[in-house]
Every structure is written in C-alpha cells, then in structure tokens.
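Asker: To be precise about what I am sending: the file is called query_31.txt and holds compact mmCIF, C-alpha atoms.
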```txt
# COMPACT_ATOMS: atom_id res chain seq x y z
CA MET A 1 0.00 0.00 0.00
CA ASP A 2 1.33 3.36 -0.97
CA LEU A 3 0.70 5.41 2.13
CA HIS A 4 2.39 8.37 0.44
CA ARG A 5 -0.86 9.00 -1.35
CA HIS A 6 -2.91 8.81 1.79
CA PRO A 7 -1.28 11.16 4.28
CA GLU A 8 -4.44 11.56 6.34
CA LEU A 9 -4.79 7.80 6.66
CA LEU A 10 -1.12 7.43 7.59
CA ASP A 11 -1.53 10.06 10.26
CA GLN A 12 -4.60 8.35 11.73
CA LEU A 13 -2.92 4.95 11.75
CA ALA A 14 0.23 6.34 13.32
CA GLY A 15 -1.82 8.11 15.99
CA LYS A 16 -3.83 5.01 16.80
CA TYR A 17 -0.69 2.92 16.89
CA ALA A 18 0.99 5.27 19.34
CA LEU A 19 -2.17 5.30 21.44
CA GLY A 20 -2.30 1.52 21.54
CA ALA A 21 -5.64 1.33 19.80
CA LEU A 22 -4.37 -0.62 16.79
CA ARG A 23 -4.65 -4.33 17.49
CA GLY A 24 -3.88 -7.76 16.11
CA GLY A 25 -3.41 -7.95 12.38
CA ALA A 26 -3.73 -4.22 11.79
CA ARG A 27 -0.99 -3.57 14.35
CA ARG A 28 1.34 -6.16 12.84
CA ARG A 29 0.77 -4.81 9.34
CA PHE A 30 1.51 -1.28 10.53
CA GLU A 31 4.68 -2.43 12.27
CA ALA A 32 5.80 -4.13 9.08
CA LEU A 33 5.22 -0.87 7.19
CA CYS A 34 7.27 0.95 9.82
CA ARG A 35 10.16 -1.40 9.22
CA ASP A 36 10.03 -1.02 5.46
CA TYR A 37 9.13 2.63 4.95
CA ALA A 38 10.77 5.63 6.52
CA PRO A 39 7.71 7.90 6.14
CA VAL A 40 5.65 5.47 8.20
CA ARG A 41 8.36 5.22 10.81
CA ALA A 42 8.61 9.01 10.93
CA ALA A 43 4.85 9.42 11.40
CA ALA A 44 4.85 6.86 14.21
CA LEU A 45 7.82 8.59 15.87
CA VAL A 46 6.06 11.94 15.76
CA TRP A 47 2.91 10.56 17.43
CA GLU A 48 4.80 8.54 20.03
CA ALA A 49 6.71 11.65 20.98
CA ARG A 50 3.43 13.54 21.41
CA PHE A 51 1.88 10.96 23.72
CA HIS A 52 4.81 10.50 25.99
CA GLY A 53 3.77 13.79 27.56
CA LEU A 54 1.00 11.79 29.20
CA THR A 55 3.61 10.07 31.36
CA GLU A 56 5.59 13.24 31.96
CA LEU A 57 2.62 15.15 33.31
CA GLY A 58 0.90 12.19 34.85
CA PRO A 59 0.30 11.79 38.57
CA ALA A 60 3.34 11.50 40.82
CA VAL A 61 2.78 9.26 43.83
CA THR A 62 5.61 8.51 46.26
CA PRO A 63 6.10 4.77 46.66
CA ASP A 64 6.74 3.12 50.00
CA PRO A 65 10.49 3.19 50.96
CA ALA A 66 10.38 -0.60 51.26
CA VAL A 67 10.21 -0.82 47.45
CA TRP A 68 13.64 0.73 47.01
CA ARG A 69 15.06 -1.50 49.75
CA ARG A 70 13.85 -4.57 47.89
CA ILE A 71 15.27 -3.33 44.59
CA ASP A 72 18.58 -2.50 46.26
CA ASN A 73 18.80 -5.95 47.85
CA LEU A 74 18.04 -7.73 44.61
CA VAL A 75 20.55 -5.64 42.67
CA ASN A 76 23.22 -6.29 45.33
CA ALA A 77 22.50 -10.00 45.13
CA ALA A 78 22.74 -9.97 41.34
CA ALA A 79 26.02 -8.02 41.40
CA ALA A 80 27.50 -10.35 44.04
CA ALA A 81 26.46 -13.42 42.06
CA SER A 82 28.18 -12.25 38.91
CA ARG A 83 31.33 -11.32 40.85
CA GLN A 84 31.36 -14.81 42.38
CA GLN A 85 31.02 -16.43 39.01
CA ALA A 86 33.83 -14.38 37.56
CA GLN A 87 36.08 -15.48 40.41
CA ALA A 88 35.01 -19.14 40.23
CA ARG A 89 37.06 -19.82 37.08
CA PRO A 90 40.52 -18.47 37.98
CA SER A 91 43.86 -19.08 36.13
CA ARG A 92 43.00 -19.56 32.45
CA ALA A 93 40.59 -16.68 32.03
CA PRO A 94 41.86 -13.11 32.01
CA SER A 95 40.93 -11.04 35.06
CA PRO A 96 37.76 -8.97 34.84
CA SER A 97 39.77 -5.76 34.76
CA GLY A 98 41.90 -7.23 31.95
CA TRP A 99 38.73 -7.91 29.96
CA ALA A 100 37.43 -4.42 30.56
CA ALA A 101 40.68 -2.86 29.44
CA TRP A 102 40.90 -4.99 26.32
CA LEU A 103 37.32 -4.36 25.34
CA SER A 104 37.48 -0.64 25.87
CA SER A 105 40.62 -0.49 23.75
CA LEU A 106 38.57 -1.98 20.95
CA GLY A 107 36.05 0.80 21.35
CA VAL A 108 33.49 -1.94 21.79
CA TRP A 109 31.67 0.01 24.47
CA ARG A 110 30.72 2.49 21.83
CA LEU A 111 28.60 -0.03 19.96
CA THR A 112 24.88 0.41 20.33
CA ALA A 113 22.57 -2.60 20.21
CA ALA A 114 25.48 -4.85 19.29
CA ALA A 115 27.18 -4.12 22.59
CA SER A 116 24.37 -5.68 24.57
CA LEU A 117 25.29 -9.05 23.03
CA VAL A 118 28.91 -8.79 24.10
CA ALA A 119 28.08 -7.32 27.49
CA GLY A 120 25.50 -10.04 28.05
CA VAL A 121 28.00 -12.77 27.27
CA LEU A 122 30.61 -11.07 29.46
CA GLY A 123 28.22 -11.18 32.37
CA ALA A 124 28.38 -14.97 32.24
CA VAL A 125 31.33 -17.08 33.31
CA VAL A 126 34.35 -16.92 31.06
CA GLY A 127 36.28 -20.12 30.41
CA VAL A 128 39.10 -20.68 27.95
CA ARG A 129 36.88 -22.08 25.22
CA GLN A 130 34.49 -19.22 25.72
CA VAL A 131 37.37 -16.77 25.42
CA THR A 132 37.98 -17.92 21.87
CA LEU A 133 34.29 -17.74 21.07
CA LEU A 134 34.06 -14.24 22.47
CA ARG A 135 36.99 -12.98 20.42
CA SER A 136 35.51 -14.14 17.15
CA GLU A 137 32.11 -12.73 18.09
CA VAL A 138 33.65 -9.41 18.83
CA SER A 139 35.56 -9.19 15.57
CA GLY A 140 32.38 -10.17 13.77
CA LEU A 141 30.56 -7.36 15.50
CA GLN A 142 33.38 -4.98 14.69
CA ALA A 143 33.07 -5.83 11.04
CA GLN A 144 29.35 -5.24 11.22
CA LEU A 145 29.87 -1.95 12.97
CA ALA A 146 32.33 -0.74 10.39
CA THR A 147 29.55 -0.85 7.83
CA SER A 148 26.58 0.22 9.91
CA GLU A 149 25.69 3.75 10.84
CA ARG A 150 25.71 4.93 14.41
CA ILE A 151 22.90 7.37 14.75
CA LYS A 152 23.84 10.09 17.17
CA TYR A 153 21.37 12.81 16.19
CA VAL A 154 17.94 12.61 14.68
CA ALA A 155 15.40 15.21 13.61
CA VAL A 156 11.98 14.97 12.03
CA LEU A 157 11.33 18.13 10.02
CA GLN A 158 7.66 19.00 9.79
CA ASP A 159 5.61 21.51 7.85
CA ALA A 160 3.20 24.03 9.35
CA LYS A 161 0.52 21.34 9.61
CA SER A 162 2.88 19.00 11.47
CA ASN A 163 3.23 16.61 8.55
CA ALA A 164 6.61 14.92 8.64
CA GLU A 165 8.52 15.86 5.51
CA VAL A 166 12.18 15.10 6.05
CA LEU A 167 13.87 12.63 8.38
CA VAL A 168 17.42 13.65 9.23
CA THR A 169 20.11 11.54 10.87
CA PHE A 170 23.75 12.34 11.53
CA ASP A 171 26.56 9.81 11.55
CA PRO A 172 29.50 11.43 13.33
CA ARG A 173 31.94 8.74 12.29
CA ALA A 174 31.37 9.39 8.61
CA ASN A 175 30.63 13.11 9.04
CA THR A 176 27.48 12.56 7.07
CA LEU A 177 24.00 14.01 7.36
CA THR A 178 21.47 11.70 5.80
CA LEU A 179 18.21 13.24 4.66
CA GLN A 180 15.23 11.20 3.70
CA ARG A 181 12.20 12.80 2.11
CA VAL A 182 9.24 11.17 3.81
CA GLY A 183 6.45 13.45 2.73
CA GLY A 184 4.93 14.43 -0.60
CA TYR A 185 6.57 17.83 -1.07
CA ARG A 186 8.58 18.31 -4.26
CA GLU A 187 10.11 21.65 -5.13
CA SER A 188 9.55 22.99 -8.66
CA PRO A 189 12.47 22.74 -11.13
CA ASP A 190 13.47 26.37 -10.73
CA ARG A 191 13.77 26.07 -6.95
CA SER A 192 16.02 24.34 -4.46
CA LEU A 193 15.63 23.37 -0.83
CA GLN A 194 18.40 24.39 1.53
CA LEU A 195 19.17 23.02 4.99
CA TRP A 196 20.03 25.34 7.89
CA ALA A 197 21.38 24.72 11.37
CA LEU A 198 19.99 26.94 14.09
CA GLN A 199 22.20 27.51 17.11
CA PRO A 200 21.26 29.68 20.07
CA GLY A 201 22.36 33.29 19.64
CA GLN A 202 23.67 32.83 16.13
CA LYS A 203 22.57 33.41 12.57
CA PRO A 204 21.29 30.33 10.78
CA ARG A 205 24.14 28.42 9.13
CA SER A 206 23.74 26.64 5.82
CA LEU A 207 24.45 22.92 5.86
CA GLY A 208 23.95 22.56 2.13
CA VAL A 209 21.50 22.55 -0.73
CA LEU A 210 19.34 19.48 -1.24
CA GLY A 211 19.32 17.52 -4.45
CA ARG A 212 16.08 16.11 -5.73
CA GLU A 213 16.65 12.50 -4.65
CA SER A 214 14.49 11.08 -1.92
CA LEU A 215 17.54 9.87 -0.01
CA LEU A 216 20.57 12.14 0.04
CA LYS A 217 23.72 12.74 2.00
CA LEU A 218 25.47 15.97 2.93
CA THR A 219 28.82 16.38 4.60
CA ALA A 220 28.79 17.93 8.04
CA SER A 221 31.20 17.95 10.91
CA ASP A 222 30.54 17.15 14.52
CA ARG A 223 31.17 20.79 15.29
CA ASP A 224 28.47 21.90 12.84
CA VAL A 225 25.93 19.75 14.56
CA GLU A 226 27.06 19.92 18.17
CA ARG A 227 25.39 23.09 19.35
CA THR A 228 22.53 23.01 16.90
CA VAL A 229 19.11 22.94 18.53
CA GLN A 230 16.94 23.07 15.45
CA LEU A 231 17.14 22.35 11.76
CA ALA A 232 15.20 24.23 9.13
CA ILE A 233 14.67 23.91 5.39
CA SER A 234 13.99 26.95 3.24
CA LEU A 235 12.81 27.28 -0.34
CA GLU A 236 15.32 29.16 -2.48
CA ALA A 237 15.99 29.88 -6.11
CA GLN A 238 17.66 27.00 -7.87
CA GLY A 239 21.12 26.31 -6.48
CA GLY A 240 20.34 27.85 -3.12
CA VAL A 241 21.76 31.01 -1.59
CA ASP A 242 25.13 31.96 -0.24
CA GLY A 243 25.16 30.59 3.31
CA THR A 244 26.49 33.71 4.99
CA ALA A 245 23.32 35.80 4.76
CA GLY A 246 20.88 33.26 6.12
CA PRO A 247 17.78 31.97 4.30
CA GLY A 248 16.45 34.19 1.51
CA GLY A 249 13.23 32.35 0.90
CA PRO A 250 10.45 31.07 3.17
CA VAL A 251 11.17 28.40 5.78
CA MET A 252 9.17 25.33 4.81
CA PHE A 253 10.04 22.69 7.40
CA THR A 254 11.52 22.74 10.86
CA GLY A 255 12.31 20.27 13.60
CA ALA A 256 14.22 20.00 16.84
CA LEU A 257 17.52 18.16 16.69
CA ILE A 258 17.45 15.36 19.21
CA LYS A 259 20.80 14.29 20.54
CA LYS A 260 21.11 10.70 21.59
CA GLN A 261 24.30 10.22 23.58
CA LEU A 262 26.27 7.08 22.82
CA MET B 263 18.14 28.57 28.26
CA ASN B 264 16.78 25.97 30.67
CA PRO B 265 18.94 22.89 31.18
CA ASP B 266 17.34 19.89 29.56
CA PRO B 267 15.99 17.61 32.33
CA ASN B 268 16.53 14.73 29.93
CA THR B 269 20.31 15.19 30.00
CA LEU B 270 20.52 14.18 33.66
CA LEU B 271 18.40 11.09 33.10
CA ILE B 272 20.36 10.09 30.00
CA ASP B 273 23.64 10.40 31.91
CA LEU B 274 22.24 8.31 34.77
CA LEU B 275 21.05 5.60 32.39
CA ASP B 276 24.51 5.63 30.86
CA GLN B 277 26.05 5.02 34.30
CA VAL B 278 23.49 2.36 35.18
CA ALA B 279 24.49 0.60 31.97
CA ARG B 280 28.01 0.48 33.42
CA GLN B 281 26.56 -1.22 36.52
CA ASP B 282 26.77 1.82 38.77
CA GLN B 283 24.40 1.09 41.66
CA GLN B 284 24.45 4.62 42.96
CA ALA B 285 23.33 5.87 39.58
CA LEU B 286 20.39 3.48 39.78
CA HIS B 287 19.46 4.96 43.13
CA ALA B 288 19.69 8.49 41.77
CA LEU B 289 17.56 7.47 38.79
CA TYR B 290 15.01 5.97 41.18
CA GLN B 291 14.90 9.15 43.23
CA GLN B 292 14.32 11.25 40.11
CA THR B 293 11.69 9.13 38.44
CA SER B 294 10.01 6.66 40.78
CA SER B 295 7.07 8.89 41.76
CA LYS B 296 6.04 9.47 38.15
CA LEU B 297 6.53 5.82 37.29
CA TYR B 298 4.71 4.59 40.40
CA GLY B 299 1.88 7.00 39.62
CA LEU B 300 1.66 5.55 36.12
CA ALA B 301 1.61 1.97 37.41
CA LEU B 302 -1.00 2.85 40.03
CA LYS B 303 -3.19 4.51 37.42
CA ILE B 304 -3.21 1.33 35.36
CA VAL B 305 -3.38 -1.46 37.96
CA ARG B 306 -5.30 0.39 40.66
CA ASN B 307 -3.79 -1.60 43.50
CA ARG B 308 -0.88 -0.44 45.64
CA GLU B 309 0.71 -3.86 46.13
CA TRP B 310 0.58 -4.66 42.43
CA ALA B 311 1.94 -1.22 41.54
CA GLU B 312 4.84 -1.78 43.95
CA ASP B 313 5.58 -5.13 42.29
CA VAL B 314 5.48 -3.46 38.89
CA LEU B 315 7.84 -0.70 40.03
CA GLN B 316 10.24 -3.24 41.48
CA GLU B 317 10.25 -5.44 38.36
CA SER B 318 10.63 -2.39 36.15
CA PHE B 319 13.70 -1.11 37.96
CA LEU B 320 15.30 -4.55 37.93
CA TYR B 321 14.68 -4.65 34.21
CA ILE B 322 16.17 -1.16 33.84
CA TRP B 323 19.20 -2.32 35.85
CA ARG B 324 19.74 -5.24 33.48
CA SER B 325 18.95 -3.47 30.21
CA ALA B 326 20.04 0.16 30.55
CA ARG B 327 22.67 -0.49 27.87
CA MET B 328 19.83 -0.99 25.38
CA TYR B 329 18.39 2.45 26.08
CA ARG B 330 20.79 4.23 23.74
CA ALA B 331 19.66 2.23 20.74
CA SER B 332 16.04 3.13 21.35
CA LEU B 333 16.39 6.81 20.38
CA SER B 334 13.62 7.71 22.87
CA PRO B 335 13.57 10.35 25.57
CA PRO B 336 14.40 8.67 28.89
CA MET B 337 11.00 9.03 30.57
CA ALA B 338 9.35 7.63 27.46
CA TRP B 339 11.61 4.56 27.50
CA MET B 340 11.04 3.95 31.20
CA GLY B 341 7.34 4.77 30.89
CA VAL B 342 6.95 2.10 28.22
CA ILE B 343 8.65 -0.46 30.49
CA VAL B 344 6.35 0.38 33.39
CA ARG B 345 3.28 0.56 31.20
CA SER B 346 3.82 -2.84 29.61
CA ARG B 347 4.52 -4.53 32.94
CA SER B 348 1.42 -2.89 34.40
CA LEU B 349 -0.70 -4.11 31.52
CA ASP B 350 0.76 -7.63 31.84
CA HIS B 351 -0.12 -7.61 35.50
CA LEU B 352 -3.61 -6.35 34.78
CA ARG B 353 -4.23 -9.03 32.18
CA ARG B 354 -2.99 -11.77 34.53
CA GLN B 355 -5.32 -10.54 37.25
CA ARG B 356 -8.23 -10.30 34.85
CA ALA B 357 -7.54 -13.83 33.62
CA GLU B 358 -7.53 -15.09 37.19
CA GLY B 359 -10.77 -13.29 37.88
CA ASP B 360 -9.02 -11.23 40.49
CA VAL B 361 -10.32 -7.86 39.43
CA PHE B 362 -11.98 -7.43 42.78
CA ALA B 363 -8.58 -6.73 44.29
CA GLN B 364 -8.52 -3.56 42.24
CA ASP B 365 -9.06 -0.62 44.45
CA PHE B 366 -11.65 1.84 43.28
CA SER B 367 -11.77 3.73 46.56
CA ASP B 368 -12.11 7.50 46.60
CA GLU B 369 -8.73 7.85 48.23
CA LEU B 370 -6.85 6.04 45.52
CA ALA B 371 -8.92 7.72 42.86
CA GLN B 372 -7.92 11.10 44.21
CA GLU B 373 -4.25 10.21 44.21
CA VAL B 374 -4.20 9.10 40.61
CA ALA B 375 -6.86 11.33 39.16
CA ALA B 376 -4.47 14.23 39.67
CA ASP B 377 -4.95 15.22 36.06
CA GLU B 378 -4.03 18.74 36.94
CA PRO B 379 -0.25 18.93 36.87
CA THR B 380 1.20 21.24 39.50
CA PRO B 381 2.80 24.52 38.39
CA LEU B 382 6.17 22.98 39.23
CA ASP B 383 5.46 20.01 36.99
CA ILE B 384 4.69 22.36 34.16
CA THR B 385 7.85 24.43 34.46
CA GLN B 386 9.94 21.27 34.56
CA ALA B 387 8.13 19.46 31.80
CA SER B 388 9.19 19.50 28.19
CA GLN B 389 7.47 21.92 25.84
CA GLN B 390 5.79 19.10 24.06
CA ALA B 391 4.27 17.68 27.24
CA VAL B 392 2.86 21.08 28.12
CA ALA B 393 1.47 21.47 24.60
CA LEU B 394 -0.17 18.05 24.86
CA HIS B 395 -1.72 18.97 28.16
CA GLN B 396 -3.17 22.25 26.84
CA CYS B 397 -4.48 20.56 23.73
CA LEU B 398 -6.08 17.71 25.66
CA GLN B 399 -8.00 20.25 27.72
CA GLN B 400 -9.58 21.51 24.53
CA LEU B 401 -11.10 18.16 23.67
CA ALA B 402 -14.60 17.15 24.68
CA PRO B 403 -14.67 15.14 27.95
CA GLU B 404 -15.63 11.86 26.26
CA GLN B 405 -12.79 12.30 23.76
CA GLN B 406 -10.31 12.90 26.58
CA ARG B 407 -11.62 9.88 28.43
CA ALA B 408 -11.41 7.66 25.33
CA LEU B 409 -7.78 8.68 24.74
CA SER B 410 -6.88 8.18 28.38
CA LEU B 411 -8.52 4.76 28.58
CA ALA B 412 -6.88 3.64 25.34
CA TYR B 413 -3.43 4.78 26.46
CA PHE B 414 -3.41 3.82 30.12
CA ASN B 415 -5.73 0.86 30.07
CA ASP B 416 -4.78 -0.73 26.78
CA LEU B 417 -8.34 -1.00 25.58
CA SER B 418 -9.23 -1.87 22.02
CA HIS B 419 -12.05 -0.06 20.27
CA SER B 420 -14.54 -2.74 21.26
CA GLN B 421 -13.35 -2.77 24.87
CA LEU B 422 -13.55 1.01 24.95
CA ALA B 423 -17.09 0.83 23.66
CA GLN B 424 -17.96 -1.54 26.49
CA GLN B 425 -16.21 0.50 29.14
CA MET B 426 -17.74 3.78 28.03
CA ASN B 427 -21.12 2.28 27.33
CA ALA B 428 -21.22 3.65 23.80
CA PRO B 429 -21.55 2.13 20.33
CA MET B 430 -18.26 1.16 18.69
CA GLY B 431 -18.83 3.54 15.78
CA THR B 432 -19.14 6.45 18.20
CA VAL B 433 -15.96 5.47 20.02
CA LYS B 434 -14.06 5.22 16.75
CA THR B 435 -15.29 8.68 15.80
CA TRP B 436 -14.18 10.09 19.14
CA ILE B 437 -10.69 8.66 18.65
CA ARG B 438 -10.47 9.80 15.04
CA ARG B 439 -11.63 13.35 15.79
CA SER B 440 -9.47 13.72 18.86
CA LEU B 441 -6.35 12.64 16.93
CA LEU B 442 -7.15 15.18 14.21
CA ARG B 443 -7.73 17.98 16.71
CA LEU B 444 -4.64 17.09 18.72
CA ARG B 445 -2.49 17.27 15.64
CA THR B 446 -3.82 20.66 14.58
CA CYS B 447 -3.58 22.03 18.10
CA MET B 448 -0.05 20.79 18.74
CA ALA B 449 1.13 22.18 15.41
CA ARG B 450 0.37 25.63 16.81
CA TYR B 451 2.79 25.05 19.66
CA ALA B 452 5.60 23.74 17.46
```
I'd like the structure from this file rewritten - as structure tokens, please.

Answerer:
Amino acid sequence: MDLHRHPELLDQLAGKYALGALRGGARRRFEALCRDYAPVRAAALVWEARFHGLTELGPAVTPDPAVWRRIDNLVNAAAAASRQQAQARPSRAPSPSGWAAWLSSLGVWRLTAAASLVAGVLGAVVGVRQVTLLRSEVSGLQAQLATSERIKYVAVLQDAKSNAEVLVTFDPRANTLTLQRVGGYRESPDRSLQLWALQPGQKPRSLGVLGRESLLKLTASDRDVERTVQLAISLEAQGGVDGTAGPGGPVMFTGALIKKQL
Amino acid sequence: MNPDPNTLLIDLLDQVARQDQQALHALYQQTSSKLYGLALKIVRNREWAEDVLQESFLYIWRSARMYRASLSPPMAWMGVIVRSRSLDHLRRQRAEGDVFAQDFSDELAQEVAADEPTPLDITQASQQAVALHQCLQQLAPEQQRALSLAYFNDLSHSQLAQQMNAPMGTVKTWIRRSLLRLRTCMARYA
C-alpha cells in the first residue's frame, strides 16, 4: 500500500498505533510498514513523541520506601552473584579488569545494540573455550559496525501542519548528514531546498543545498551539529543562496535536533 | 536557556548501563514517583503497583545499555517499560478473575486522578508535554476519556465501547476526531 498517497490515513494509523488502539493484524501490518518505509516510521515517531507527555505530566505518587530497599537488595545479590562467578574460574581466564581494558581499547563500548550481546556474554562465566568464542564474536561485530551507521542525532522536520517531511540523521563517524524525504513535497524545477542549522544566539548556518533525490547525504562535521538545537529547510531559487546571509526564501520545514548520547 | 531535564536522566542511564548502583538509586529518586503514579493509574492496586515498580527497575538495571539504541527520551523509555509490565499484571489478574482486588476507593482515585499537573510540573516538563496537556484540555470530555482509557488501560475499540457504554462507531469517531484535533492544536505550539 502506498501510504504516500494517503497522508491523512497514515496520520490516523500512526496516531492510533501510538495510542495503543491498533490491534492484532492491523498492528502487525503497521509495524511491518514501519520497518520497510521511513515515512511510516517518521509518522509513528512523531505521534509517540506527542503521547509521551501523558507520562511526563501524569500523577506523581511517592512509593513506599520498602520498594527501594527490595530493589537494592536484589541488585546487590545480582552483582554479588556475577562477581562470584567471575572469580570461580581463575587461572585460564583473564581477570575482569583485563577484559574491561581490552574491550574498551577496541572501542566496543561504543557499539549500540550490538554491545548488549557482548556485554551479556561477558556477564556470564568466562572459560578458555568461551574466550575464543568471544573474540571471534567481537571481531564479527566490529566488522558489522564498520559498515553500519551509528545514529547520534535525529530530527523529524515537519511543515506548518505537522506533517513529517524530512527525516534527518547524523553519523559522526562518517561526518554525514542523511536526509530522507518522507512526505509528498517536491520543489519545482526552478527552486532548491536548503538546509540550515539553528544555534542559540547565532545566525542560521547553511548545511547545504538538497538535491532532488528522496535519499541524500550531505557532509557535516561534529562541530556543525554539536550546538545546533533546530534544523530548518527553506525554499530558495535553484542552487540555493550563499550561506552567509541566512535563508532568503520562506522556511518550509523545521524540527528539533534530538541528541542521543552514545 | 533551561537545562534539559533529559540530560541528567540520559547520563544516569549511561552510568546504570556500566553497573553503577548509585546511579540506579539516583535514577530511582528522580523518576520513581512518576513511574509509580503511572503503574497505580493502570493497575489500581498499591501492592501490584509496587511489584510493577520493582520489576521495572530490575529490568532497567539489566537493560540500561539498550536504552541508547532506542532513540527515545528517557522518561518515554522507562514509561513504556512500566506501562507494559502494568498491563501484563492487569491481564494476569483479569484472567484469574481477580479484578476485585482492584481498588476503586475515593482515596486512591484522588491520588491518581491528579490530572491537573502542578505549576512545578509544568515548568519542569518538556514543551511538548505542556502542549499536549493544553491541547487535551480543549477536547470534549468523552474524547479525553477515550484517549486516556486507550493509552493507560490498553483497551481496544470494542473494549472502549464496552467501558464507556457507547456504540463502537461512536468510540471510533471520538478517537479519530481527537487525533485530528490534537495534531492541529499541537502544530500551533511547534
């Protein structure tokens, strides 16, 4: 189904999904669409972000102090158990601190989802055979990581009616901003869209002019993106404008830049 | 510019991921009232809500390293954990016919029906949460109720219809209209 052509329907589905009102088959189908299509994912993200305010401004009730004591005890027990296990297999295995040092030298702690695999295995007992296994797993993960993007920043740029138009992600390792057009807007041939970074107390800074592809990459440095709080896209004459004077044409889409710390 | 309250929570989750027990305690101190309030609102029983809170924090202790990959604001990530455990609990109790343990007393109702956030809540909340709150106020009462029941009580359209004693078509219309109006309203705050 081409949800591009049915923006109202996409918005309703995304809203119901975020609310929890989509069930069974409809929910599974929507989740499949989310996996396959960025515009669907973007719409769902926008609605989920809206509803999480319900938790933020929900009732605050102080729990009984006994609850924390129970959590604390259980966490202590879990920590003690894993320390015991680590000590139970002495000589052959490297010491826990040796492991930690080796792993951090690989930069493995900077992996995202992949790290949970390694960390999970580490939590278990380490024998000699398992050491070999671990090493090959880690190099496999490293290879994977070398080709996958680490998303550190993300922004959903929306129009005045809150329709998601452009999904932006920034990969600091490759110094690349990836822009994905997720809405229906297409500039006319004599116009260009230009991306601007908005930092507090400063003039908007151009990050580049967009080509017409639906998926495009622009070069940007960590410094460009670091203090940026918002991104904006303006409509300019073809080829864009000189970045020093700020946008010449109207601002079409804006969105907050969300920083996810790795 | 106000410091982002999320930054503190993100840093704490980071430290919890490195098995820092004190960070877990700090995280608990910052967030447990909101999370307990959420659990209580769904399960309506103090003992069950305490169990949910306990299980949730143990889960957070074990899986904080997965938070970074989720790309969510911290309260949203933790809220989802608490909400899903609460709903699991609720479904188990319903299956066992134990709904009578749910507490519908006035006292509990008052504690969790605090739909009016305090002025302090509002200054500390994110802009988007405040916008949501203002926009919800502008909906008709049955629309607000339908949204709240769907979100906090995990009710399908047909279950909503039963709970609210209204035809399914009407309930669907309430949801559809309220989503439309929310979107328009929140766009004005963007």

Asker: May I have the protein, DNA and RNA residues with an atom at most 12 Å from (23.4, 28.7, 2.4), counting all atoms listed in the file in the file's coordinates, returned as a ChimeraX atom specification?

Answerer: /A:192-197,203-210,232-249

Asker: Using all atoms listed in the file, find the one residue out of B:Ile343, B:Met426, B:Leu441, B:Leu401 that sits nearest to chain A.

Answerer: B:Leu441

Asker: For A:Val67, which residue out of B:Leu274, B:Ala301, B:Met430, B:Ala311 is the nearest one, using only C-alpha atoms?

Answerer: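 Of all the options, B:Ala311 lies closest to A:Val67.
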
Asker: Once you count all atoms listed in the file, what closest atom pair and distance in Å to one decimal does each residue of chain A within 9 Å of chain B have, with rows by chain and rising residue number, as a tab-separated table?

Answerer:
```
residue	atom	partner	partner_atom	distance
A:Asp11	CA	B:Leu442	CA	8.6
A:Gln12	CA	B:Arg438	CA	6.9
A:Gly15	CA	B:Leu441	CA	6.5
A:Lys16	CA	B:Ile437	CA	8.0
A:Ala18	CA	B:Tyr413	CA	8.4
A:Leu19	CA	B:Tyr413	CA	5.2
A:Gly20	CA	B:Tyr413	CA	6.0
A:Ala21	CA	B:Ser418	CA	5.3
A:Leu22	CA	B:Ser418	CA	7.2
A:Arg23	CA	B:Ser418	CA	6.9
A:Trp47	CA	B:Arg445	CA	8.8
A:Glu48	CA	B:Ala338	CA	8.8
A:Ala49	CA	B:Ala338	CA	8.1
A:Arg50	CA	B:Gln390	CA	6.6
A:Phe51	CA	B:Leu394	CA	7.5
A:His52	CA	B:Ala338	CA	5.6
A:Gly53	CA	B:Ala391	CA	3.9
A:Leu54	CA	B:Ala391	CA	7.0
A:Thr55	CA	B:Gly341	CA	6.5
A:Glu56	CA	B:Ala391	CA	6.6
A:Leu57	CA	B:Pro379	CA	5.9
A:Gly58	CA	B:Lys296	CA	6.7
A:Pro59	CA	B:Gly299	CA	5.2
A:Ala60	CA	B:Lys296	CA	4.3
A:Val61	CA	B:Ser295	CA	4.8
A:Thr62	CA	B:Ser295	CA	4.7
A:Pro63	CA	B:Tyr298	CA	6.4
A:Asp64	CA	B:Glu312	CA	8.0
A:Val67	CA	B:Gln316	CA	6.4
A:Trp68	CA	B:Gln316	CA	7.6
A:Arg70	CA	B:Gln316	CA	7.5
A:Ile71	CA	B:Gln316	CA	5.9
A:Asp72	CA	B:His287	CA	8.1
A:Leu74	CA	B:Leu320	CA	7.9
A:Val75	CA	B:Leu320	CA	7.2
A:Asn76	CA	B:Gln283	CA	8.3
A:Ala79	CA	B:Gln281	CA	8.4
A:Thr112	CA	B:Ala331	CA	5.5
A:Ala113	CA	B:Ala331	CA	5.7
A:Ala115	CA	B:Arg327	CA	7.8
A:Ser116	CA	B:Arg327	CA	6.4
A:Ala119	CA	B:Arg327	CA	8.7
A:Ile151	CA	B:Ala331	CA	8.5
A:Lys152	CA	B:Leu333	CA	8.8
A:Tyr153	CA	B:Leu333	CA	8.9
A:Val154	CA	B:Leu333	CA	8.3
A:Asp159	CA	B:Ala449	CA	8.8
A:Ala160	CA	B:Ala449	CA	6.7
A:Lys161	CA	B:Ala449	CA	5.9
A:Ser162	CA	B:Ala449	CA	5.4
A:Pro200	CA	B:Met263	CA	8.8
A:Thr254	CA	B:Ala452	CA	8.9
A:Gly255	CA	B:Ala452	CA	8.5
A:Ile258	CA	B:Leu333	CA	8.7
A:Lys259	CA	B:Leu333	CA	8.7
A:Lys260	CA	B:Leu333	CA	6.2
A:Gln261	CA	B:Arg330	CA	6.9
A:Leu262	CA	B:Arg330	CA	6.2
```

Asker: In the coordinate frame of the file, compute which residues have an atom within 8 Å of (22.6, 21.8, 14.1) when using only C-alpha atoms, and state them as a ChimeraX atom specification.

Answerer: /A:196-199,224-231,257

Asker: Adding 3 Å on each side of the box along x, y and z that holds all listed atoms of stretch 397-400 of chain B, could you give its centre and edge lengths in Å to one decimal, as lines of an AutoDock Vina configuration file?

Answerer:
```
center_x = -7.0
center_y = 19.6
center_z = 25.7
size_x = 11.1
size_y = 9.8
size_z = 10.0
```

Asker: Using Å and a single decimal, report how far atom CA of A:Gln180 sits from atom CA of A:Leu216.

Answerer: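 Atom-to-atom, atom CA of A:Leu216 and atom CA of A:Gln180 are spaced 6.5 Å apart.
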